[in-house]
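A.B. asks: So I've got this file, start21.csv, and it contains CSV, C-alpha atoms:
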chain,number,residue,atom,x,y,z
A,48,MET,CA,10.8,11.2,28.1
A,49,ARG,CA,13.3,12.7,25.7
A,50,LEU,CA,13.5,16.5,25.8
A,51,PRO,CA,15.3,17.4,22.5
A,52,CYS,CA,14.0,20.9,21.8
A,53,PHE,CA,12.6,22.9,24.7
A,54,LEU,CA,10.3,25.8,23.9
A,55,PHE,CA,9.7,26.4,27.6
A,56,ALA,CA,9.9,24.4,30.7
A,57,VAL,CA,9.2,24.8,34.4
A,58,ARG,CA,10.3,22.6,37.3
A,59,GLY,CA,8.1,22.5,40.3
A,60,LYS,CA,9.0,22.2,43.9
A,61,THR,CA,8.5,18.4,43.8
A,62,GLY,CA,11.0,18.0,40.9
A,63,LEU,CA,8.2,17.5,38.4
A,64,ILE,CA,8.5,19.1,34.9
A,65,VAL,CA,6.0,20.8,32.7
A,66,GLY,CA,6.6,22.5,29.4
A,67,MET,CA,6.4,22.4,25.6
A,68,GLU,CA,8.7,20.8,23.0
A,69,ASN,CA,8.9,19.5,19.5
A,70,ILE,CA,8.2,15.8,19.6
A,71,HIS,CA,8.2,13.6,16.4
A,72,GLY,CA,7.8,16.8,14.3
A,73,SER,CA,4.9,18.3,16.3
A,74,ALA,CA,4.9,21.1,18.9
A,75,SER,CA,3.7,19.3,22.1
A,76,PHE,CA,2.8,20.1,25.6
A,77,PHE,CA,4.4,17.8,28.2
A,78,VAL,CA,4.1,16.9,31.8
A,79,SER,CA,6.7,14.7,33.6
A,80,THR,CA,6.1,13.1,36.9
A,81,PRO,CA,7.8,10.2,38.8
A,82,GLU,CA,5.0,7.9,37.7
A,83,VAL,CA,4.2,9.0,34.1
A,84,ASP,CA,5.6,11.3,31.4
A,85,PHE,CA,3.1,12.3,28.8
A,86,ALA,CA,2.9,14.6,25.8
A,87,VAL,CA,0.0,16.0,23.8
A,88,SER,CA,0.4,17.5,20.4
A,89,GLU,CA,-0.9,21.1,20.0
A,90,GLN,CA,-2.2,20.1,16.6
A,91,GLY,CA,-5.0,17.6,17.0
A,92,GLY,CA,-4.5,17.0,20.7
A,93,HIS,CA,-2.9,13.6,20.2
A,94,LEU,CA,-1.6,11.9,23.4
A,95,ALA,CA,1.9,10.4,22.8
A,96,PRO,CA,4.5,9.5,23.7
A,97,VAL,CA,3.6,8.2,27.1
A,98,ASP,CA,6.2,6.6,29.5
A,99,PHE,CA,4.9,4.7,32.5
A,100,TYR,CA,7.6,4.5,35.2
A,101,PHE,CA,8.1,1.7,37.7
A,102,ASP,CA,11.0,3.0,39.7
A,103,GLU,CA,13.8,3.2,37.0
A,104,TYR,CA,12.0,0.9,34.5
A,105,ALA,CA,9.7,2.5,31.9
A,106,VAL,CA,7.3,1.1,29.3
A,107,SER,CA,5.9,3.1,26.3
A,108,PRO,CA,2.8,1.4,24.7
A,109,TYR,CA,1.5,4.3,22.5
A,110,ALA,CA,2.2,4.4,18.8
A,111,LEU,CA,4.0,7.1,16.8
A,112,ALA,CA,3.3,7.0,13.1
A,113,PRO,CA,6.3,5.8,11.0
A,114,TRP,CA,6.4,9.3,9.4
A,115,GLN,CA,6.5,12.9,10.7
A,116,PRO,CA,4.2,15.7,9.6
A,117,GLU,CA,6.7,17.4,7.4
A,118,GLU,CA,7.2,14.2,5.4
A,119,CYS,CA,3.6,14.1,4.4
A,120,ASP,CA,1.6,15.6,1.6
A,121,GLN,CA,0.5,18.9,3.2
A,122,GLU,CA,-3.0,18.5,1.7
A,123,LEU,CA,-3.6,15.5,4.0
A,124,PRO,CA,-5.7,16.1,7.1
A,125,HIS,CA,-3.7,17.0,10.1
A,126,LEU,CA,-5.0,13.8,11.7
A,127,LEU,CA,-2.9,11.7,9.4
A,128,ARG,CA,0.1,13.9,9.4
A,129,VAL,CA,0.3,14.0,13.2
A,130,LEU,CA,-1.1,10.5,13.9
A,131,ARG,CA,0.0,9.1,17.2
A,132,GLY,CA,-1.3,7.7,20.5
A,133,ASP,CA,-4.8,8.6,21.7
A,134,PHE,CA,-7.0,11.4,20.4
A,135,PHE,CA,-10.7,12.5,20.9
A,136,CYS,CA,-13.0,12.3,17.9
A,137,LEU,CA,-16.2,14.4,17.5
A,138,PRO,CA,-17.8,13.3,15.3
A,139,PHE,CA,-16.2,9.8,15.0
A,140,SER,CA,-14.9,9.2,11.4
A,141,GLU,CA,-16.4,10.9,8.3
A,142,GLN,CA,-18.7,13.9,8.1
A,143,LYS,CA,-19.9,16.0,5.2
A,144,GLN,CA,-18.6,19.4,6.5
A,145,GLY,CA,-15.3,19.0,8.2
A,146,PRO,CA,-12.2,16.8,8.6
A,147,PRO,CA,-12.4,13.0,9.4
A,148,HIS,CA,-12.8,12.4,13.1
A,149,GLY,CA,-13.7,16.1,13.5
A,150,GLU,CA,-11.8,19.2,14.4
A,151,PRO,CA,-10.8,18.0,17.9
A,152,ALA,CA,-8.5,15.3,16.2
A,153,ASN,CA,-7.2,17.8,13.6
A,154,GLU,CA,-7.0,21.4,14.7
A,155,LYS,CA,-5.0,23.3,17.3
A,156,TRP,CA,-5.9,23.2,21.0
A,157,LYS,CA,-5.4,26.1,23.3
A,158,LEU,CA,-3.6,25.7,26.6
A,159,VAL,CA,-5.8,26.4,29.6
A,160,GLU,CA,-3.8,24.9,32.5
A,161,GLN,CA,-0.4,23.2,32.8
A,162,GLY,CA,0.4,22.0,36.3
A,163,GLU,CA,2.8,19.6,37.8
A,164,ARG,CA,0.4,16.7,37.4
A,165,LYS,CA,-2.3,18.0,35.1
A,166,LEU,CA,-2.8,19.4,31.6
A,167,VAL,CA,-5.9,21.1,30.4
A,168,LEU,CA,-6.5,22.1,26.8
A,169,GLU,CA,-9.5,23.5,25.0
A,170,ILE,CA,-10.8,23.7,21.4
A,171,VAL,CA,-13.8,25.6,20.0
A,172,THR,CA,-14.9,23.9,16.9
A,173,ALA,CA,-16.6,25.2,13.8
A,174,ASP,CA,-17.7,21.8,12.3
A,175,SER,CA,-20.0,20.8,15.2
A,176,GLY,CA,-20.1,24.0,17.2
A,177,ALA,CA,-18.9,22.3,20.3
A,178,THR,CA,-16.4,23.5,22.8
A,179,VAL,CA,-14.3,20.6,24.1
A,180,ARG,CA,-12.1,20.8,27.2
A,181,LYS,CA,-9.5,18.0,27.5
A,182,SER,CA,-8.1,17.3,31.0
A,183,ILE,CA,-5.3,14.7,31.6
A,184,GLU,CA,-4.1,14.1,35.1
A,185,VAL,CA,-1.6,11.8,36.8
A,186,ARG,CA,-2.3,10.9,40.5
A,187,GLU,CA,0.5,10.3,43.0
A,188,GLY,CA,1.6,6.7,43.2
A,189,GLN,CA,-0.4,5.6,40.1
A,190,GLN,CA,0.9,4.6,36.7
A,191,ALA,CA,-2.3,5.9,35.0
A,192,LEU,CA,-3.8,8.8,33.1
A,193,TYR,CA,-7.1,10.2,34.1
A,194,VAL,CA,-8.5,11.6,30.9
A,195,GLU,CA,-11.7,13.7,30.7
A,196,HIS,CA,-13.4,15.5,27.9
A,197,LEU,CA,-16.1,18.0,28.7
A,198,VAL,CA,-18.3,18.8,25.7
A,199,SER,CA,-20.5,21.9,25.8
A,200,GLY,CA,-22.4,24.0,23.3
A,201,LEU,CA,-23.3,21.0,21.1
A,202,ALA,CA,-26.8,20.3,19.9
A,203,GLY,CA,-28.3,17.2,18.3
A,204,ARG,CA,-27.3,13.6,17.9
A,205,TRP,CA,-23.6,12.9,17.5
A,206,ASN,CA,-21.2,10.0,17.5
A,207,TYR,CA,-17.8,10.3,19.2
A,208,GLY,CA,-14.9,8.3,20.7
A,209,ASN,CA,-11.4,8.0,22.2
A,210,HIS,CA,-8.9,6.6,19.7
A,211,PRO,CA,-5.8,5.1,21.5
A,212,ILE,CA,-3.3,3.4,19.1
A,213,LEU,CA,-0.7,1.0,20.6
A,214,ASP,CA,2.5,-0.1,19.0
A,215,LEU,CA,3.1,-3.9,19.2
A,216,SER,CA,5.5,-4.0,16.2
A,217,GLU,CA,8.5,-4.9,18.3
A,218,LEU,CA,6.8,-8.1,19.5
A,219,ALA,CA,7.1,-11.5,17.8
A,220,GLU,CA,4.0,-12.7,15.8
A,221,GLY,CA,1.3,-13.6,18.3
A,222,GLN,CA,3.3,-12.5,21.3
A,223,GLY,CA,1.0,-9.7,22.4
A,224,ARG,CA,-2.4,-10.5,23.7
A,225,LEU,CA,-5.6,-8.4,23.3
A,226,ALA,CA,-8.7,-8.6,25.4
A,227,VAL,CA,-12.0,-6.8,26.1
A,228,SER,CA,-14.6,-7.1,28.8
A,229,PRO,CA,-17.6,-9.3,28.2
A,230,PHE,CA,-19.7,-8.2,25.2
A,231,ARG,CA,-23.2,-8.8,24.0
A,232,TRP,CA,-22.9,-8.1,20.3
A,233,ALA,CA,-19.8,-8.3,18.0
A,234,SER,CA,-19.2,-8.1,14.3
A,235,VAL,CA,-16.6,-7.6,11.6
A,236,PHE,CA,-17.0,-4.3,9.8
A,237,ASP,CA,-19.9,-4.8,7.4
A,238,GLY,CA,-18.4,-3.0,4.4
A,239,VAL,CA,-15.2,-2.8,2.5
A,240,PHE,CA,-12.6,-1.8,5.0
A,241,ALA,CA,-9.5,-2.6,2.9
A,242,ASN,CA,-10.1,-1.6,-0.7
A,243,PRO,CA,-8.5,-4.2,-3.1
A,244,THR,CA,-8.9,-1.9,-6.1
A,245,THR,CA,-6.2,0.3,-4.6
A,246,GLY,CA,-4.0,-2.6,-3.5
A,247,GLU,CA,-5.2,-2.7,0.1
A,248,THR,CA,-5.6,-6.1,1.8
A,249,GLY,CA,-7.8,-7.4,4.6
A,250,ARG,CA,-8.4,-10.9,6.1
A,251,LEU,CA,-11.7,-10.8,7.9
A,252,LYS,CA,-15.2,-11.6,6.4
A,253,GLU,CA,-17.3,-8.6,5.9
A,254,GLY,CA,-20.2,-8.3,8.3
A,255,ALA,CA,-19.4,-11.7,10.0
A,256,ARG,CA,-20.9,-11.9,13.6
A,257,PHE,CA,-18.8,-13.7,16.2
A,258,GLU,CA,-19.0,-14.6,19.9
A,259,SER,CA,-15.3,-15.0,20.7
A,260,LEU,CA,-12.3,-13.0,19.7
A,261,GLU,CA,-10.4,-16.3,19.4
A,262,ARG,CA,-12.5,-17.3,16.4
A,263,VAL,CA,-13.3,-14.5,14.1
A,264,PRO,CA,-14.4,-15.5,10.5
A,265,CYS,CA,-12.0,-14.7,7.7
A,266,ALA,CA,-12.9,-14.1,4.0
A,267,ASP,CA,-11.3,-17.4,3.0
A,268,GLY,CA,-13.4,-19.5,5.3
A,269,SER,CA,-10.9,-19.9,8.1
A,270,THR,CA,-10.9,-18.1,11.4
A,271,LEU,CA,-8.4,-15.7,13.0
A,272,ASP,CA,-7.6,-15.5,16.7
A,273,LEU,CA,-7.7,-11.7,17.4
A,274,THR,CA,-6.4,-12.2,20.9
A,275,LYS,CA,-2.9,-12.8,19.5
A,276,TYR,CA,-1.2,-9.8,18.0
A,277,PRO,CA,0.6,-8.9,15.8
A,278,SER,CA,-0.6,-11.4,13.3
A,279,ALA,CA,1.1,-12.0,9.9
A,280,PRO,CA,1.6,-8.6,8.3
A,281,GLY,CA,-0.3,-7.3,5.2
A,282,HIS,CA,-3.8,-6.6,6.3
A,283,GLU,CA,-6.1,-3.9,7.6
A,284,ASP,CA,-9.3,-5.0,9.5
A,285,LEU,CA,-11.9,-3.6,11.9
A,286,VAL,CA,-14.2,-5.3,14.4
A,287,MET,CA,-16.7,-3.9,16.9
A,288,MET,CA,-17.8,-5.3,20.2
A,289,VAL,CA,-20.6,-3.9,22.3
A,290,SER,CA,-20.0,-4.0,26.0
A,291,GLU,CA,-22.3,-5.7,28.5
A,292,PRO,CA,-24.1,-3.1,30.7
A,293,ALA,CA,-22.4,-2.3,34.0
A,294,THR,CA,-23.4,-4.2,37.2
A,295,THR,CA,-22.6,-3.9,40.9
A,296,ALA,CA,-19.9,-6.5,40.5
A,297,GLN,CA,-18.6,-5.1,37.2
A,298,PRO,CA,-19.3,-1.3,37.4
A,299,PHE,CA,-17.0,-0.5,34.5
A,300,ALA,CA,-16.0,-2.0,31.1
A,301,TRP,CA,-12.4,-2.5,30.1
A,302,THR,CA,-10.0,-3.2,27.3
A,303,ALA,CA,-6.4,-4.5,27.7
A,304,ALA,CA,-3.3,-5.4,25.8
A,305,THR,CA,-0.5,-7.6,27.2
A,306,PHE,CA,3.0,-6.8,26.0
A,307,ASP,CA,6.1,-8.8,27.0
A,308,ASP,CA,6.2,-7.8,30.7
A,309,TYR,CA,3.3,-5.4,31.2
A,310,VAL,CA,-0.4,-4.8,30.6
A,311,TRP,CA,-1.9,-1.7,29.2
A,312,PHE,CA,-5.5,-1.2,30.2
A,313,SER,CA,-8.4,1.2,29.6
A,314,LEU,CA,-11.5,1.6,31.9
A,315,LYS,CA,-14.7,3.2,30.8
A,316,ASN,CA,-18.4,3.6,31.6
A,317,PRO,CA,-20.3,1.6,29.0
A,318,ARG,CA,-23.1,4.1,29.0
A,319,ASP,CA,-20.7,6.7,27.8
A,320,PHE,CA,-18.8,4.4,25.4
A,321,PRO,CA,-21.1,1.5,24.5
A,322,ALA,CA,-18.7,-0.2,22.0
A,323,THR,CA,-15.0,-1.0,21.5
A,324,LEU,CA,-13.4,-1.1,18.1
A,325,PHE,CA,-10.3,-3.1,17.3
A,326,TRP,CA,-8.5,-1.5,14.4
A,327,LEU,CA,-5.9,-4.0,13.3
A,328,SER,CA,-3.5,-1.8,11.3
A,329,ASN,CA,-0.8,-4.2,10.1
A,330,GLY,CA,0.6,-3.1,6.7
A,331,GLY,CA,-2.6,-3.4,4.7
A,332,ARG,CA,-2.8,0.3,3.6
A,333,THR,CA,-0.9,1.2,0.5
A,334,ALA,CA,-1.7,4.9,-0.2
A,335,HIS,CA,0.5,7.8,1.1
A,336,PRO,CA,1.4,8.1,3.9
A,337,TRP,CA,0.7,4.5,4.9
A,338,GLU,CA,2.7,2.7,2.1
A,339,LYS,CA,2.5,-0.6,3.9
A,340,ARG,CA,4.7,0.6,6.8
A,341,HIS,CA,2.1,1.1,9.5
A,342,LEU,CA,2.8,-2.3,11.0
A,343,GLY,CA,1.9,-4.0,14.3
A,344,ARG,CA,-0.3,-1.1,15.4
A,345,VAL,CA,-3.7,-1.7,17.0
A,346,GLY,CA,-6.4,0.9,17.8
A,347,LEU,CA,-8.3,-0.1,20.9
A,348,GLU,CA,-11.0,2.5,20.5
A,349,GLU,CA,-13.9,3.3,22.9
A,350,VAL,CA,-16.8,4.7,21.0
A,351,CYS,CA,-20.4,5.6,20.7
A,352,SER,CA,-20.7,5.0,17.0
A,353,TYR,CA,-21.7,2.5,14.3
A,354,PHE,CA,-18.2,1.2,13.3
A,355,CYS,CA,-16.3,4.0,11.6
A,356,TYR,CA,-18.9,4.9,9.0
A,357,GLY,CA,-19.3,8.5,10.2
A,358,VAL,CA,-22.0,10.6,11.9
A,359,ASP,CA,-24.7,10.3,9.2
A,360,VAL,CA,-24.7,6.5,9.2
A,361,SER,CA,-24.5,6.4,13.0
A,362,ARG,CA,-27.7,8.5,13.1
A,363,GLU,CA,-29.5,5.8,11.1
A,364,ASP,CA,-29.7,3.7,14.3
A,365,ARG,CA,-28.8,0.5,12.6
A,366,LEU,CA,-28.5,-1.3,15.9
A,367,ALA,CA,-31.7,0.1,17.4
A,368,GLY,CA,-33.3,-3.4,17.2
A,369,GLU,CA,-30.5,-4.7,19.5
A,370,GLY,CA,-31.0,-1.8,21.9
A,371,ILE,CA,-27.5,-0.4,21.1
A,372,ALA,CA,-26.9,3.3,20.9
A,373,THR,CA,-24.7,4.6,18.1
A,374,THR,CA,-25.2,8.3,18.9
A,375,ARG,CA,-25.9,10.5,21.9
A,376,ASP,CA,-28.3,13.4,22.3
A,377,PHE,CA,-26.5,16.6,23.2
A,378,ALA,CA,-28.2,19.9,24.3
A,379,VAL,CA,-26.6,23.2,23.7
A,380,ASP,CA,-27.0,24.3,27.3
A,381,GLU,CA,-25.6,21.2,28.9
A,382,VAL,CA,-22.0,20.0,29.7
A,383,VAL,CA,-21.4,16.3,28.9
A,384,ARG,CA,-18.5,14.6,30.8
A,385,LEU,CA,-16.8,11.7,29.0
A,386,PRO,CA,-14.1,10.2,31.3
A,387,ILE,CA,-11.7,7.3,30.7
A,388,ILE,CA,-8.7,5.9,32.5
A,389,GLN,CA,-5.7,4.5,30.7
A,390,GLY,CA,-2.9,2.9,32.6
A,391,ALA,CA,-0.2,0.2,32.8
A,392,ALA,CA,0.9,-2.6,35.2
A,393,LEU,CA,3.9,-4.8,35.3
A,394,VAL,CA,3.2,-8.6,35.1
A,395,GLU,CA,5.3,-11.8,35.3
A,396,ALA,CA,6.3,-13.8,32.2
A,397,GLY,CA,3.4,-16.0,31.1
A,398,PHE,CA,0.7,-13.7,32.4
A,399,GLY,CA,-0.9,-14.0,29.0
A,400,GLN,CA,-4.3,-12.5,28.0
A,401,VAL,CA,-6.2,-10.5,30.6
A,402,ARG,CA,-9.2,-12.5,31.6
A,403,SER,CA,-10.8,-9.9,33.9
A,404,ILE,CA,-10.4,-6.5,35.5
A,405,LEU,CA,-12.5,-6.0,38.6
A,406,PRO,CA,-12.7,-3.6,41.5
A,407,ARG,CA,-10.8,-4.8,44.6
A,408,ASP,CA,-11.9,-1.9,46.7
A,409,GLU,CA,-12.6,1.8,46.1
A,410,GLN,CA,-9.0,2.6,45.4
A,411,SER,CA,-7.7,-0.5,43.5
A,412,ILE,CA,-8.5,-3.0,40.8
A,413,GLU,CA,-7.5,-6.7,40.3
A,414,ILE,CA,-6.2,-7.7,36.8
A,415,THR,CA,-6.3,-11.5,36.3
A,416,GLY,CA,-4.3,-13.3,33.6
A,417,ASP,CA,-4.6,-16.6,31.7
A,418,GLN,CA,-3.4,-18.9,34.5
A,419,GLY,CA,-5.2,-17.1,37.3
A,420,GLN,CA,-2.3,-14.8,38.2
A,421,VAL,CA,-3.6,-11.6,39.8
A,422,VAL,CA,-2.0,-8.1,39.8
A,423,ILE,CA,-3.4,-5.5,42.1
A,424,VAL,CA,-3.2,-1.9,40.8
A,425,LYS,CA,-3.9,1.3,42.7
A,426,ILE,CA,-6.6,3.1,40.6
A,427,ASP,CA,-9.4,5.4,41.5
A,428,TRP,CA,-11.7,3.6,39.2
A,429,GLN,CA,-14.9,5.5,40.2
A,430,PHE,CA,-13.5,8.4,38.2
A,431,VAL,CA,-15.2,6.8,35.1
A,432,LEU,CA,-18.6,6.7,36.8
With the file now loaded, output its structure as structure tokens.
C.D. replies:
Amino acid sequence: MRLPCFLFAVRGKTGLIVGMENIHGSASFFVSTPEVDFAVSEQGGHLAPVDFYFDEYAVSPYALAPWQPEECDQELPHLLRVLRGDFFCLPFSEQKQGPPHGEPANEKWKLVEQGERKLVLEIVTADSGATVRKSIEVREGQQALYVEHLVSGLAGRWNYGNHPILDLSELAEGQGRLAVSPFRWASVFDGVFANPTTGETGRLKEGARFESLERVPCADGSTLDLTKYPSAPGHEDLVMMVSEPATTAQPFAWTAATFDDYVWFSLKNPRDFPATLFWLSNGGRTAHPWEKRHLGRVGLEEVCSYFCYGVDVSREDRLAGEGIATTRDFAVDEVVRLPIIQGAALVEAGFGQVRSILPRDEQSIEITGDQGQVVIVKIDWQFVL
């Protein structure tokens, strides 16, 4: 990780580094380990950049916006000005009183703990009344981030989600491969996601149901293979897939993106995050600060929500007939733990789309590619359970 502007730094006995610096225009906490370097912006708690190290080789999947905060209209929400990597949303998307995706994705976080392998931040929110504690940990010998959000002091029904954004813009058209674990319900966003009256463009058919990511209906009657990304630029689209429930053989759900020579993956408990959103952000937004330059990005978002309509629509329980939760009940005197794992693994050329991610034993997983190639990754996957 580049360290251009130290505010403070401490090197531990093991040669690991912790500190704070200005990264892409935002004051950020950072932790540097032999396996992973990661930074979290003080404003909004956005996780990026992240470098996963394999000896001397590093991969950096998370996106940074093609603008910096000071370049933006200062009236814009902090979320858009800081936009990068992964951030926690409570509520998810719009709300009547408060910024989009909630104060956790917009306001400043307070440092609670910064160790050689762990960062703990906290925010006390005014919009929902929740206190959220964010913990990000790197375990020895593992190219992964163990991310946990503890939510306390919250009452009522709320939607929420983790919002990782990856950057595939350096890949050729269709070179990257996207995948998600088996799902039982899937649909294109059922409203206007890209507004043509403001010059925005989208490709997918509003509200179209689908059974395979390889054949998603388009507005012009064709289909689009969403497993191959980036697609041709100039569109902004959103789809939602509801994960199959966990089983003994498949105790977690997963999402994955194959780059040129590595796989990024995310593991979750589908009871905590019932659905996955694919936000295909490929030059279809025209307004400031987008200006058609947010290209080749994809949000692989794990949520308890109804698309990105916001908390009020999620409370309408539009998928109740399908037995799908779009909010969660919180009690003011309980602490809700929302864990997720995000990691990376090197793969050989031709690995292609991830076909499955399964436990191998209690300390590792098997990631299987298009042609049956298997990569074994050391991961304490029970963390998400």
A.B. asks: Mind checking which residues fall within 6 Å of stretch 308-324 of chain A, counting only C-alpha atoms, ignoring those fewer than 3 positions away in the same chain, and posting them as a PyMOL selection string?
C.D. replies: chain A and resi 286-290+299-305+347-351+387-394+431
A.B. asks: Excluding same-chain residues fewer than 5 positions from stretch 363-375 of chain A, what lies within 7 Å of it counting all atoms listed in the file, as an MDAnalysis selection string?
C.D. replies: chainID A and resid 204:206 351:353
A.B. asks: Using only C-alpha atoms for the distances, tell me which of A:Leu327, A:Ala334, A:Ala95, A:Ile412 is nearest to A:Ser278.
C.D. replies: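 Among the listed residues, A:Leu327 lies closest to A:Ser278.
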A.B. asks: So, with all atoms listed in the file as the atoms that count, which of A:Glu154, A:Asp174, A:Asp272, A:Glu103 lies closest to A:Gly91?
C.D. replies: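 Selected residue with least distance to A:Gly91: A:Glu154.
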A.B. asks: Using all atoms listed in the file, find the one residue out of A:His210, A:Arg180, A:Lys143, A:Lys157 that sits nearest to A:Leu126.
C.D. replies: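 Ranked by minimum distance to A:Leu126, first place goes to A:His210.
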A.B. asks: Which is closer to A:Ala266 than all the others in A:Glu118, A:Glu395, A:Glu253, A:Asp102, using all atoms listed in the file?
C.D. replies: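 Ranked by minimum distance to A:Ala266, first place goes to A:Glu253.
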A.B. asks: So which one's closest to A:Thr80, A:Asp359, A:Pro336, A:Pro96, A:Val185? Using only C-alpha atoms, please.
C.D. replies: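 The closest residue to A:Thr80 is A:Val185.
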A.B. asks: Which is closer to A:Tyr193 than all the others in A:Cys265, A:Leu213, A:Val83, A:Ala279, using only C-alpha atoms?
C.D. replies: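 Among A:Cys265, A:Leu213, A:Val83, A:Ala279, it is A:Val83 that comes nearest to A:Tyr193.
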A.B. asks: Taking 4 positions as the minimum chain separation for residues in the same chain, which residues sit within 9 Å of A:Asp307 when counting only C-alpha atoms? Answer as an mmCIF file with C-alpha atoms, in the frame of the given file.
C.D. replies:
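Saved the output as result_25.cif:
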data_model
loop_
_atom_site.group_PDB
_atom_site.id
_atom_site.type_symbol
_atom_site.label_atom_id
_atom_site.label_comp_id
_atom_site.auth_asym_id
_atom_site.auth_seq_id
_atom_site.Cartn_x
_atom_site.Cartn_y
_atom_site.Cartn_z
ATOM 1 C CA LEU A 218 6.800 -8.100 19.500
ATOM 2 C CA GLN A 222 3.300 -12.500 21.300
ATOM 3 C CA GLY A 223 1.000 -9.700 22.400
ATOM 4 C CA VAL A 394 3.200 -8.600 35.100
ATOM 5 C CA GLU A 395 5.300 -11.800 35.300
ATOM 6 C CA ALA A 396 6.300 -13.800 32.200
ATOM 7 C CA GLY A 397 3.400 -16.000 31.100
ATOM 8 C CA GLY A 399 -0.900 -14.000 29.000
#
A.B. asks: Quick one: distance from atom CA of A:Val235 to atom CA of A:Tyr356 in Å, one decimal?
C.D. replies: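 Separation of atom CA of A:Val235 and atom CA of A:Tyr356: 13.0 Å.
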A.B. asks: At what distance in Å, to one decimal, does atom CA of A:Thr415 lie from atom CA of A:Ala226?
C.D. replies: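 Interatomic distance, atom CA of A:Ala226 to atom CA of A:Thr415: 11.5 Å.
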A.B. asks: Measure the distance from atom CA of A:Arg344 to atom CA of A:Ala110 in Å and round it to one decimal.
C.D. replies: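 Computed distance, atom CA of A:Arg344 to atom CA of A:Ala110, equals 6.9 Å.
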